file target.pdb (PDB, C-alpha atoms)
ATOM      1  CA  MET A   1      -6.936   8.467  19.009  1.00  0.00           C
ATOM      2  CA  ARG A   2      -3.679   9.327  17.358  1.00  0.00           C
ATOM      3  CA  ARG A   3      -3.623  12.456  15.258  1.00  0.00           C
ATOM      4  CA  LEU A   4      -1.196  11.938  12.407  1.00  0.00           C
ATOM      5  CA  VAL A   5       0.019  14.184   9.626  1.00  0.00           C
ATOM      6  CA  LEU A   6       0.032  12.188   6.403  1.00  0.00           C
ATOM      7  CA  ALA A   7       2.607  14.376   4.694  1.00  0.00           C
ATOM      8  CA  ALA A   8       5.089  13.681   7.478  1.00  0.00           C
ATOM      9  CA  ILE A   9       4.497   9.927   7.214  1.00  0.00           C
ATOM     10  CA  LEU A  10       4.929   9.971   3.456  1.00  0.00           C
ATOM     11  CA  SER A  11       8.096  12.013   3.822  1.00  0.00           C
ATOM     12  CA  ALA A  12       9.473   9.512   6.320  1.00  0.00           C
ATOM     13  CA  LEU A  13       8.630   6.578   4.059  1.00  0.00           C
ATOM     14  CA  LEU A  14       9.940   8.089   0.842  1.00  0.00           C
ATOM     15  CA  GLY A  15      12.698  10.337   2.134  1.00  0.00           C
ATOM     16  CA  GLY A  16      11.259  13.467   0.539  1.00  0.00           C
ATOM     17  CA  PRO A  17       8.251  15.772   0.476  1.00  0.00           C
ATOM     18  CA  ALA A  18       4.836  14.409  -0.388  1.00  0.00           C
ATOM     19  CA  LEU A  19       3.183  16.529  -3.053  1.00  0.00           C
ATOM     20  CA  ALA A  20      -0.387  16.388  -4.318  1.00  0.00           C
ATOM     21  CA  GLN A  21      -0.719  16.411  -8.080  1.00  0.00           C
ATOM     22  CA  ASP A  22      -3.833  17.218 -10.040  1.00  0.00           C
ATOM     23  CA  PRO A  23      -6.048  14.094 -10.020  1.00  0.00           C
ATOM     24  CA  SER A  24      -7.080  14.838 -13.606  1.00  0.00           C
ATOM     25  CA  GLN A  25      -3.671  13.500 -14.648  1.00  0.00           C
ATOM     26  CA  GLN A  26      -5.086  10.011 -14.097  1.00  0.00           C
ATOM     27  CA  ASP A  27      -8.642  10.534 -15.329  1.00  0.00           C
ATOM     28  CA  ALA A  28      -8.012   9.783 -18.981  1.00  0.00           C
ATOM     29  CA  ALA A  29      -7.202   6.319 -20.305  1.00  0.00           C
ATOM     30  CA  PRO A  30      -3.463   5.638 -19.912  1.00  0.00           C
ATOM     31  CA  GLN A  31      -1.571   6.571 -23.018  1.00  0.00           C
ATOM     32  CA  GLY A  32       1.883   7.770 -23.987  1.00  0.00           C
ATOM     33  CA  SER A  33       4.670   7.591 -21.424  1.00  0.00           C
ATOM     34  CA  PRO A  34       3.615   6.052 -18.103  1.00  0.00           C
ATOM     35  CA  PRO A  35       3.836   8.188 -14.964  1.00  0.00           C
ATOM     36  CA  ASN A  36       6.632   7.863 -12.428  1.00  0.00           C
ATOM     37  CA  ALA A  37       5.846   5.157  -9.859  1.00  0.00           C
ATOM     38  CA  THR A  38       6.584   7.309  -6.809  1.00  0.00           C
ATOM     39  CA  ALA A  39       4.517  10.215  -8.139  1.00  0.00           C
ATOM     40  CA  LEU A  40       1.640   7.898  -9.012  1.00  0.00           C
ATOM     41  CA  LEU A  41       1.504   6.220  -5.607  1.00  0.00           C
ATOM     42  CA  PHE A  42       2.564   8.931  -3.195  1.00  0.00           C
ATOM     43  CA  GLU A  43       2.339  12.329  -4.855  1.00  0.00           C
ATOM     44  CA  THR A  44      -1.124  12.175  -6.420  1.00  0.00           C
ATOM     45  CA  ASN A  45      -4.374  13.550  -5.030  1.00  0.00           C
ATOM     46  CA  GLN A  46      -6.134  10.244  -4.393  1.00  0.00           C
ATOM     47  CA  LEU A  47      -9.013  11.354  -2.179  1.00  0.00           C
ATOM     48  CA  ALA A  48     -10.709  14.041  -4.288  1.00  0.00           C
ATOM     49  CA  ASN A  49     -12.964  11.337  -5.758  1.00  0.00           C
ATOM     50  CA  ALA A  50     -13.843   9.829  -2.337  1.00  0.00           C
ATOM     51  CA  PRO A  51     -17.358  11.046  -1.394  1.00  0.00           C
ATOM     52  CA  PRO A  52     -17.584  12.375   2.191  1.00  0.00           C
ATOM     53  CA  GLY A  53     -19.817  10.194   4.322  1.00  0.00           C
ATOM     54  CA  ARG A  54     -19.083   7.037   2.332  1.00  0.00           C
ATOM     55  CA  PRO A  55     -16.446   4.826   4.012  1.00  0.00           C
ATOM     56  CA  LEU A  56     -13.608   3.169   2.136  1.00  0.00           C
ATOM     57  CA  THR A  57     -13.149  -0.488   3.070  1.00  0.00           C
ATOM     58  CA  TYR A  58     -10.267  -2.807   2.206  1.00  0.00           C
ATOM     59  CA  ARG A  59      -9.880  -6.549   2.659  1.00  0.00           C
ATOM     60  CA  TYR A  60      -6.510  -7.557   4.100  1.00  0.00           C
ATOM     61  CA  THR A  61      -5.028 -11.064   3.904  1.00  0.00           C
ATOM     62  CA  ARG A  62      -1.704 -12.590   4.910  1.00  0.00           C
ATOM     63  CA  PHE A  63      -0.395 -16.106   4.378  1.00  0.00           C
ATOM     64  CA  SER A  64       3.031 -17.684   4.836  1.00  0.00           C
ATOM     65  CA  GLY A  65       4.180 -21.225   4.162  1.00  0.00           C
ATOM     66  CA  ILE A  66       7.333 -20.949   6.273  1.00  0.00           C
ATOM     67  CA  ASP A  67       7.749 -23.744   8.835  1.00  0.00           C
ATOM     68  CA  GLY A  68       7.174 -22.508  12.351  1.00  0.00           C
ATOM     69  CA  ALA A  69       4.782 -19.766  11.182  1.00  0.00           C
ATOM     70  CA  PRO A  70       6.999 -16.801  12.124  1.00  0.00           C
ATOM     71  CA  PHE A  71       4.408 -14.460  10.593  1.00  0.00           C
ATOM     72  CA  GLY A  72       1.673 -16.080  12.611  1.00  0.00           C
ATOM     73  CA  PRO A  73      -1.409 -17.938  11.334  1.00  0.00           C
ATOM     74  CA  PRO A  74      -3.200 -16.906   8.120  1.00  0.00           C
ATOM     75  CA  VAL A  75      -5.070 -13.629   8.508  1.00  0.00           C
ATOM     76  CA  GLU A  76      -8.164 -12.172   6.879  1.00  0.00           C
ATOM     77  CA  ASP A  77      -9.311  -8.812   8.203  1.00  0.00           C
ATOM     78  CA  ARG A  78     -10.415  -5.320   7.159  1.00  0.00           C
ATOM     79  CA  ILE A  79      -9.166  -1.739   7.126  1.00  0.00           C
ATOM     80  CA  ARG A  80     -11.919   0.877   7.170  1.00  0.00           C
ATOM     81  CA  GLU A  81     -11.598   4.611   6.510  1.00  0.00           C
ATOM     82  CA  GLU A  82     -14.372   7.007   7.487  1.00  0.00           C
ATOM     83  CA  VAL A  83     -14.291   9.941   5.057  1.00  0.00           C
ATOM     84  CA  GLY A  84     -15.216  13.532   5.905  1.00  0.00           C
ATOM     85  CA  LEU A  85     -14.851  16.872   4.153  1.00  0.00           C
ATOM     86  CA  GLY A  86     -11.460  18.552   4.297  1.00  0.00           C
ATOM     87  CA  ALA A  87     -10.666  22.233   4.102  1.00  0.00           C
ATOM     88  CA  THR A  88     -10.739  22.157   0.280  1.00  0.00           C
ATOM     89  CA  PRO A  89     -12.691  20.124  -2.306  1.00  0.00           C
ATOM     90  CA  GLU A  90      -9.532  18.096  -2.987  1.00  0.00           C
ATOM     91  CA  THR A  91      -8.797  17.051   0.616  1.00  0.00           C
ATOM     92  CA  ARG A  92     -10.516  14.883   3.199  1.00  0.00           C
ATOM     93  CA  ASN A  93     -10.558  14.238   6.924  1.00  0.00           C
ATOM     94  CA  LEU A  94     -10.201  10.542   7.723  1.00  0.00           C
ATOM     95  CA  LYS A  95     -10.590   8.191  10.645  1.00  0.00           C
ATOM     96  CA  VAL A  96      -8.810   4.894   9.976  1.00  0.00           C
ATOM     97  CA  GLU A  97      -9.728   1.691  11.805  1.00  0.00           C
ATOM     98  CA  MET A  98      -7.165  -1.027  11.097  1.00  0.00           C
ATOM     99  CA  PHE A  99      -8.062  -4.663  11.824  1.00  0.00           C
ATOM    100  CA  SER A 100     -10.343  -6.120  14.479  1.00  0.00           C
ATOM    101  CA  GLY A 101     -10.269  -8.114  17.694  1.00  0.00           C
ATOM    102  CA  GLU A 102      -6.805  -8.855  19.082  1.00  0.00           C
ATOM    103  CA  ARG A 103      -5.164  -7.464  15.945  1.00  0.00           C
ATOM    104  CA  ARG A 104      -6.923  -4.109  16.144  1.00  0.00           C
ATOM    105  CA  MET A 105      -4.551  -1.149  16.030  1.00  0.00           C
ATOM    106  CA  PRO A 106      -5.209   2.284  17.569  1.00  0.00           C
ATOM    107  CA  THR A 107      -7.603   4.378  15.506  1.00  0.00           C
ATOM    108  CA  ALA A 108      -5.746   7.077  13.567  1.00  0.00           C
ATOM    109  CA  THR A 109      -7.152  10.404  12.377  1.00  0.00           C
ATOM    110  CA  TYR A 110      -5.899  12.457   9.452  1.00  0.00           C
ATOM    111  CA  GLU A 111      -6.938  16.037   8.789  1.00  0.00           C
ATOM    112  CA  ASP A 112      -7.106  17.780   5.435  1.00  0.00           C
ATOM    113  CA  VAL A 113      -5.075  15.199   3.453  1.00  0.00           C
ATOM    114  CA  PRO A 114      -5.057  14.545  -0.324  1.00  0.00           C
ATOM    115  CA  GLY A 115      -3.345  11.135  -0.283  1.00  0.00           C
ATOM    116  CA  ASN A 116      -4.876   7.829   0.781  1.00  0.00           C
ATOM    117  CA  PRO A 117      -3.146   6.704   4.009  1.00  0.00           C
ATOM    118  CA  VAL A 118      -4.126   3.050   3.540  1.00  0.00           C
ATOM    119  CA  LEU A 119      -1.067   2.583   1.315  1.00  0.00           C
ATOM    120  CA  VAL A 120       1.355   3.839   3.960  1.00  0.00           C
ATOM    121  CA  ARG A 121      -0.418   1.961   6.763  1.00  0.00           C
ATOM    122  CA  PHE A 122      -0.158  -1.303   4.804  1.00  0.00           C
ATOM    123  CA  LEU A 123       3.543  -0.803   4.085  1.00  0.00           C
ATOM    124  CA  GLU A 124       4.400   0.204   7.644  1.00  0.00           C
ATOM    125  CA  HIS A 125       2.664  -2.890   9.055  1.00  0.00           C
ATOM    126  CA  HIS A 126       4.282  -5.110   6.422  1.00  0.00           C
ATOM    127  CA  LEU A 127       7.781  -3.729   7.075  1.00  0.00           C
ATOM    128  CA  ASP A 128       7.490  -4.161  10.833  1.00  0.00           C
ATOM    129  CA  ASP A 129       6.538  -7.828  10.462  1.00  0.00           C
ATOM    130  CA  LEU A 130       9.137  -8.502   7.778  1.00  0.00           C
ATOM    131  CA  ALA A 131      11.953  -6.914   9.777  1.00  0.00           C
ATOM    132  CA  ARG A 132      10.947  -8.922  12.847  1.00  0.00           C
ATOM    133  CA  VAL A 133      11.039 -12.229  10.934  1.00  0.00           C
ATOM    134  CA  LEU A 134      14.325 -11.414   9.187  1.00  0.00           C
ATOM    135  CA  LYS A 135      15.789  -9.909  12.373  1.00  0.00           C
ATOM    136  CA  GLY A 136      16.767  -6.870  10.362  1.00  0.00           C
ATOM    137  CA  ASN A 137      16.306  -3.128  10.314  1.00  0.00           C
ATOM    138  CA  PRO A 138      12.993  -2.041   8.720  1.00  0.00           C
ATOM    139  CA  ARG A 139      14.736   1.120   7.507  1.00  0.00           C
ATOM    140  CA  TYR A 140      17.005  -0.997   5.279  1.00  0.00           C
ATOM    141  CA  ILE A 141      14.037  -2.615   3.542  1.00  0.00           C
ATOM    142  CA  LYS A 142      12.154   0.694   3.408  1.00  0.00           C
ATOM    143  CA  ASN A 143      15.095   2.345   1.657  1.00  0.00           C
ATOM    144  CA  ALA A 144      15.266  -0.526  -0.831  1.00  0.00           C
ATOM    145  CA  ILE A 145      11.559  -0.113  -1.658  1.00  0.00           C
ATOM    146  CA  ARG A 146      11.966   3.626  -2.017  1.00  0.00           C
ATOM    147  CA  ARG A 147      14.933   3.185  -4.353  1.00  0.00           C
ATOM    148  CA  ALA A 148      13.140   0.576  -6.449  1.00  0.00           C
ATOM    149  CA  LEU A 149      10.045   2.738  -6.880  1.00  0.00           C
ATOM    150  CA  ARG A 150      12.151   5.675  -7.966  1.00  0.00           C
ATOM    151  CA  GLU A 151      14.624   3.870 -10.193  1.00  0.00           C
ATOM    152  CA  SER A 152      13.495   0.465 -11.445  1.00  0.00           C
ATOM    153  CA  ALA A 153       9.759  -0.094 -10.957  1.00  0.00           C
ATOM    154  CA  SER A 154       7.674  -0.897 -14.022  1.00  0.00           C
ATOM    155  CA  VAL A 155       4.472   1.077 -14.627  1.00  0.00           C
ATOM    156  CA  THR A 156       2.055  -0.389 -17.153  1.00  0.00           C
ATOM    157  CA  PRO A 157      -1.615   0.226 -18.063  1.00  0.00           C
ATOM    158  CA  ALA A 158      -4.149  -1.929 -16.257  1.00  0.00           C
ATOM    159  CA  GLU A 159      -7.895  -2.504 -16.458  1.00  0.00           C
ATOM    160  CA  VAL A 160     -10.042  -2.552 -13.344  1.00  0.00           C
ATOM    161  CA  GLU A 161     -13.710  -3.437 -13.030  1.00  0.00           C
ATOM    162  CA  VAL A 162     -15.976  -0.722 -11.619  1.00  0.00           C
ATOM    163  CA  ASP A 163     -19.733  -1.346 -11.436  1.00  0.00           C
ATOM    164  CA  GLY A 164     -19.435  -4.013 -14.099  1.00  0.00           C
ATOM    165  CA  ALA A 165     -17.479  -1.823 -16.515  1.00  0.00           C
ATOM    166  CA  LYS A 166     -13.788  -1.861 -17.416  1.00  0.00           C
ATOM    167  CA  LYS A 167     -11.946   1.292 -16.377  1.00  0.00           C
ATOM    168  CA  PRO A 168      -8.332   2.365 -16.960  1.00  0.00           C
ATOM    169  CA  GLY A 169      -5.692   2.261 -14.292  1.00  0.00           C
ATOM    170  CA  TRP A 170      -2.009   1.595 -13.712  1.00  0.00           C
ATOM    171  CA  ARG A 171      -0.034  -1.379 -12.402  1.00  0.00           C
ATOM    172  CA  VAL A 172       3.238  -0.712 -10.590  1.00  0.00           C
ATOM    173  CA  VAL A 173       5.640  -3.619  -9.987  1.00  0.00           C
ATOM    174  CA  ALA A 174       8.831  -3.322  -7.928  1.00  0.00           C
ATOM    175  CA  ARG A 175      11.399  -5.913  -6.826  1.00  0.00           C
ATOM    176  CA  PRO A 176      13.540  -3.996  -4.346  1.00  0.00           C
ATOM    177  CA  LEU A 177      15.774  -6.813  -3.056  1.00  0.00           C
ATOM    178  CA  VAL A 178      16.412  -8.863  -6.195  1.00  0.00           C
ATOM    179  CA  ASP A 179      19.963  -7.511  -6.603  1.00  0.00           C
ATOM    180  CA  ASP A 180      20.592  -6.718  -2.948  1.00  0.00           C
ATOM    181  CA  PRO A 181      24.241  -7.134  -1.923  1.00  0.00           C
ATOM    182  CA  VAL A 182      23.205  -9.207   1.123  1.00  0.00           C
ATOM    183  CA  ARG A 183      20.485 -11.216  -0.632  1.00  0.00           C
ATOM    184  CA  ASP A 184      22.154 -14.491   0.422  1.00  0.00           C
ATOM    185  CA  ARG A 185      21.159 -13.638   3.995  1.00  0.00           C
ATOM    186  CA  LEU A 186      17.560 -12.757   3.164  1.00  0.00           C
ATOM    187  CA  ARG A 187      16.280 -16.351   3.387  1.00  0.00           C
ATOM    188  CA  GLY A 188      14.595 -16.157   0.000  1.00  0.00           C
ATOM    189  CA  PHE A 189      13.021 -12.734   0.542  1.00  0.00           C
ATOM    190  CA  ASP A 190      15.192 -11.263  -2.204  1.00  0.00           C
ATOM    191  CA  SER A 191      12.277 -12.502  -4.350  1.00  0.00           C
ATOM    192  CA  LEU A 192       9.894  -9.984  -2.745  1.00  0.00           C
ATOM    193  CA  THR A 193       7.697  -8.442  -5.410  1.00  0.00           C
ATOM    194  CA  TYR A 194       5.344  -5.543  -4.748  1.00  0.00           C
ATOM    195  CA  THR A 195       2.419  -4.992  -7.107  1.00  0.00           C
ATOM    196  CA  PHE A 196       0.218  -1.908  -6.767  1.00  0.00           C
ATOM    197  CA  VAL A 197      -2.899  -1.293  -8.887  1.00  0.00           C
ATOM    198  CA  VAL A 198      -4.449   2.177  -8.886  1.00  0.00           C
ATOM    199  CA  SER A 199      -7.257   3.832 -10.800  1.00  0.00           C
ATOM    200  CA  ALA A 200      -8.901   7.250 -10.732  1.00  0.00           C
ATOM    201  CA  ALA A 201     -12.218   5.451 -11.324  1.00  0.00           C
ATOM    202  CA  VAL A 202     -12.085   3.946  -7.816  1.00  0.00           C
ATOM    203  CA  PRO A 203     -12.746   6.093  -4.727  1.00  0.00           C
ATOM    204  CA  GLY A 204      -9.428   6.614  -2.972  1.00  0.00           C
ATOM    205  CA  GLN A 205      -7.692   5.281  -6.124  1.00  0.00           C
ATOM    206  CA  ILE A 206      -6.011   2.313  -4.353  1.00  0.00           C
ATOM    207  CA  VAL A 207      -7.405  -0.820  -5.998  1.00  0.00           C
ATOM    208  CA  SER A 208      -5.022  -3.440  -4.613  1.00  0.00           C
ATOM    209  CA  ILE A 209      -1.596  -4.055  -3.108  1.00  0.00           C
ATOM    210  CA  ASP A 210       0.202  -7.394  -3.235  1.00  0.00           C
ATOM    211  CA  ALA A 211       3.496  -8.177  -1.473  1.00  0.00           C
ATOM    212  CA  ARG A 212       4.745 -11.650  -2.362  1.00  0.00           C
ATOM    213  CA  ALA A 213       7.894 -13.711  -1.874  1.00  0.00           C
ATOM    214  CA  THR A 214       8.402 -17.272  -3.136  1.00  0.00           C
ATOM    215  CA  SER A 215      11.105 -19.853  -2.593  1.00  0.00           C
ATOM    216  CA  PRO A 216      13.133 -21.230  -5.528  1.00  0.00           C
ATOM    217  CA  GLU A 217      10.921 -24.340  -5.308  1.00  0.00           C
ATOM    218  CA  GLY A 218       7.793 -22.223  -5.691  1.00  0.00           C
ATOM    219  CA  GLY A 219       6.622 -22.258  -2.091  1.00  0.00           C
ATOM    220  CA  ILE A 220       4.977 -19.144  -0.661  1.00  0.00           C
ATOM    221  CA  LEU A 221       7.236 -17.447   1.865  1.00  0.00           C
ATOM    222  CA  LEU A 222       4.808 -14.568   2.209  1.00  0.00           C
ATOM    223  CA  GLN A 223       1.720 -13.329   0.421  1.00  0.00           C
ATOM    224  CA  GLU A 224       0.168 -10.186   1.864  1.00  0.00           C
ATOM    225  CA  THR A 225      -2.629  -8.398   0.057  1.00  0.00           C
ATOM    226  CA  LEU A 226      -4.970  -5.446   0.326  1.00  0.00           C
ATOM    227  CA  SER A 227      -8.031  -5.135  -1.920  1.00  0.00           C
ATOM    228  CA  TYR A 228     -10.636  -2.395  -2.195  1.00  0.00           C
ATOM    229  CA  GLU A 229     -14.148  -3.616  -1.393  1.00  0.00           C
ATOM    230  CA  PRO A 230     -16.627  -1.291  -3.128  1.00  0.00           C
ATOM    231  CA  ASN A 231     -19.797  -2.566  -1.474  1.00  0.00           C
ATOM    232  CA  ALA A 232     -18.562  -3.329   2.038  1.00  0.00           C
ATOM    233  CA  GLY A 233     -19.951  -0.108   3.561  1.00  0.00           C
TER     234      GLY A 233
END
call {"tool": "encode", "arguments": {"input": "target.pdb", "output": "structure tokens"}}
result
Amino acid sequence: MRRLVLAAILSALLGGPALAQDPSQQDAAPQGSPPNATALLFETNQLANAPPGRPLTYRYTRFSGIDGAPFGPPVEDRIREEVGLGATPETRNLKVEMFSGERRMPTATYEDVPGNPVLVRFLEHHLDDLARVLKGNPRYIKNAIRRALRESASVTPAEVEVDGAKKPGWRVVARPLVDDPVRDRLRGFDSLTYTFVVSAAVPGQIVSIDARATSPEGGILLQETLSYEPNAG
């Protein structure tokens, strides 16, 4: 097992400290000014509403229509987080199992963390694959995502379905490469759009993540998604 410190990973991804805000900031229906995208995704206590002993499961898919399949064949798999009590009521200990079979990654453990590591794990995996296909530096794309979330991402109210009822949440949309100075060399991936949906009504708060790039003709260069599965167990 790898023992990882989530705060250090978040700091590396975002270029700054990862802080845990009061989860009650998201409990009420969205109203007034929307929260900052970075604070909402990376600086919020997301695990206080995740019951210890009840795993969090996410469905992962990836599809690309690029000739030659540089991303590999279509993928459907799972990420599973075992949840245990942390040192405080707001934190949890986690064991994260990412993918299965030949794709399975080493199990990672997190101790006493407030943030949901599935978001960072998804982005790290996505950036590694994207940088490999584009033959670029993942740090360049990571910095573009970080800048977009801090400076230009849109945050709008969203509705999510929980146990048959509509609950409030937030949708964050970022297009980090749309005005990139080297977008002519990005083979259409300047269209990359990241959509995050979060809600305090969902354990772990991450409802879905969608990373999508399309060609000018409408073809799918990449569609990579993560979706919370409430009844997967």
call {"tool": "closest_atom_pairs", "arguments": {"input": "target.pdb", "of": "range 105-201 of chain A", "to": "range 36-43 of chain A", "cutoff": "10 Å", "atoms": "all atoms listed in the file", "output": "Markdown table"}}
result
| residue | atom | partner | partner_atom | distance |
| --- | --- | --- | --- | --- |
| A:Pro114 | CA | A:Glu43 | CA | 9.0 |
| A:Gly115 | CA | A:Phe42 | CA | 6.9 |
| A:Asn116 | CA | A:Phe42 | CA | 8.5 |
| A:Pro117 | CA | A:Phe42 | CA | 9.5 |
| A:Leu119 | CA | A:Leu41 | CA | 8.2 |
| A:Val120 | CA | A:Phe42 | CA | 8.9 |
| A:Arg146 | CA | A:Thr38 | CA | 8.1 |
| A:Arg147 | CA | A:Thr38 | CA | 9.6 |
| A:Ala148 | CA | A:Ala37 | CA | 9.3 |
| A:Leu149 | CA | A:Ala37 | CA | 5.7 |
| A:Arg150 | CA | A:Thr38 | CA | 5.9 |
| A:Glu151 | CA | A:Ala37 | CA | 8.9 |
| A:Ser152 | CA | A:Ala37 | CA | 9.1 |
| A:Ala153 | CA | A:Ala37 | CA | 6.6 |
| A:Ser154 | CA | A:Ala37 | CA | 7.6 |
| A:Val155 | CA | A:Ala37 | CA | 6.4 |
| A:Thr156 | CA | A:Ala37 | CA | 9.9 |
| A:Trp170 | CA | A:Leu40 | CA | 8.7 |
| A:Arg171 | CA | A:Ala37 | CA | 9.2 |
| A:Val172 | CA | A:Ala37 | CA | 6.5 |
| A:Val173 | CA | A:Ala37 | CA | 8.8 |
| A:Ala174 | CA | A:Ala37 | CA | 9.2 |
| A:Phe196 | CA | A:Leu41 | CA | 8.3 |
| A:Val197 | CA | A:Leu41 | CA | 9.3 |
| A:Val198 | CA | A:Leu41 | CA | 7.9 |
| A:Ser199 | CA | A:Leu40 | CA | 9.9 |
call {"tool": "resolve_selection", "arguments": {"input": "target.pdb", "expression": "the PyMOL selection byres ((chain A and resi 86) around 9)", "output": "JSON list (two decimals) with C-alpha atoms, in the coordinates of the input"}}
result
[["chain", "number", "residue", "atom", "x", "y", "z"],
["A", 52, "PRO", "CA", -17.58, 12.38, 2.19],
["A", 84, "GLY", "CA", -15.22, 13.53, 5.90],
["A", 85, "LEU", "CA", -14.85, 16.87, 4.15],
["A", 87, "ALA", "CA", -10.67, 22.23, 4.10],
["A", 88, "THR", "CA", -10.74, 22.16, 0.28],
["A", 89, "PRO", "CA", -12.69, 20.12, -2.31],
["A", 90, "GLU", "CA", -9.53, 18.10, -2.99],
["A", 91, "THR", "CA", -8.80, 17.05, 0.62],
["A", 92, "ARG", "CA", -10.52, 14.88, 3.20],
["A", 93, "ASN", "CA", -10.56, 14.24, 6.92],
["A", 94, "LEU", "CA", -10.20, 10.54, 7.72],
["A", 111, "GLU", "CA", -6.94, 16.04, 8.79],
["A", 112, "ASP", "CA", -7.11, 17.78, 5.44],
["A", 113, "VAL", "CA", -5.08, 15.20, 3.45],
["A", 114, "PRO", "CA", -5.06, 14.54, -0.32]]
call {"tool": "residues_around", "arguments": {"input": "target.pdb", "residues": "Glu76 in chain A", "least_positions_apart": "3", "cutoff": "10 Å", "atoms": "all atoms listed in the file", "output": "ChimeraX atom specification"}}
result
/A:59-63,73,99-100,224-226
call {"tool": "residues_around", "arguments": {"input": "target.pdb", "residues": "Lys142 in chain A", "least_positions_apart": "2", "cutoff": "9 Å", "atoms": "only C-alpha atoms", "output": "list in words"}}
result
Leu13, Leu14, Leu123, Glu124, Leu127, Asn137, Pro138, Arg139, Tyr140, Ala144, Ile145, Arg146 and Arg147 of chain A
call {"tool": "resolve_selection", "arguments": {"input": "target.pdb", "expression": "the PyMOL selection byres ((chain A and resi 204) around 9)", "output": "compact mmCIF listing (two decimals) with C-alpha atoms, keeping the file's coordinate frame"}}
result
# COMPACT_ATOMS: atom_id res chain seq x y z
CA ASN A 45 -4.37 13.55 -5.03
CA GLN A 46 -6.13 10.24 -4.39
CA LEU A 47 -9.01 11.35 -2.18
CA ALA A 48 -10.71 14.04 -4.29
CA ASN A 49 -12.96 11.34 -5.76
CA ALA A 50 -13.84 9.83 -2.34
CA LEU A 56 -13.61 3.17 2.14
CA GLY A 115 -3.34 11.14 -0.28
CA ASN A 116 -4.88 7.83 0.78
CA VAL A 198 -4.45 2.18 -8.89
CA SER A 199 -7.26 3.83 -10.80
CA ALA A 200 -8.90 7.25 -10.73
CA ALA A 201 -12.22 5.45 -11.32
CA VAL A 202 -12.08 3.95 -7.82
CA PRO A 203 -12.75 6.09 -4.73
CA GLN A 205 -7.69 5.28 -6.12
CA ILE A 206 -6.01 2.31 -4.35
CA VAL A 207 -7.40 -0.82 -6.00
call {"tool": "resolve_selection", "arguments": {"input": "target.pdb", "expression": "the PyMOL selection byres ((chain A and resi 58) around 9)", "output": "list in words"}}
result
Leu56, Thr57, Arg59, Tyr60, Asp77, Arg78, Ile79, Arg80, Glu81, Val118, Val207, Ser208, Leu226, Ser227, Tyr228, Glu229, Pro230 and Ala232 of chain A
call {"tool": "closest_residue", "arguments": {"input": "target.pdb", "among": "A:Val178, A:Ala108, A:Ala158, A:Ala69", "to": "Leu221 in chain A", "atoms": "only C-alpha atoms"}}
result
A:Ala69
call {"tool": "atom_distance", "arguments": {"input": "target.pdb", "atom1": "CA of Glu97 in chain A", "atom2": "CA of Arg121 in chain A"}}
result
10.6 Å
call {"tool": "atom_distance", "arguments": {"input": "target.pdb", "atom1": "CA of Lys135 in chain A", "atom2": "CA of Ala213 in chain A"}}
result
16.7 Å
call {"tool": "closest_residue", "arguments": {"input": "target.pdb", "among": "A:Leu222, A:Val83, A:Met105, A:Val75", "to": "Gly188 in chain A", "atoms": "only C-alpha atoms"}}
result
A:Leu222
call {"tool": "atom_distance", "arguments": {"input": "target.pdb", "atom1": "CA of Thr109 in chain A", "atom2": "CA of Ile209 in chain A"}}
result
21.9 Å
call {"tool": "closest_residue", "arguments": {"input": "target.pdb", "among": "A:Glu217, A:Leu192, A:Arg54, A:Gly68", "to": "His126 in chain A", "atoms": "all atoms listed in the file"}}
result
A:Leu192
call {"tool": "axis_aligned_box", "arguments": {"input": "target.pdb", "around": "range 51-56 of chain A", "padding_each_side": "8 Å", "output": "lines of an AutoDock Vina configuration file"}}
result
center_x = -16.7
center_y = 7.8
center_z = 1.5
size_x = 22.2
size_y = 25.2
size_z = 21.7
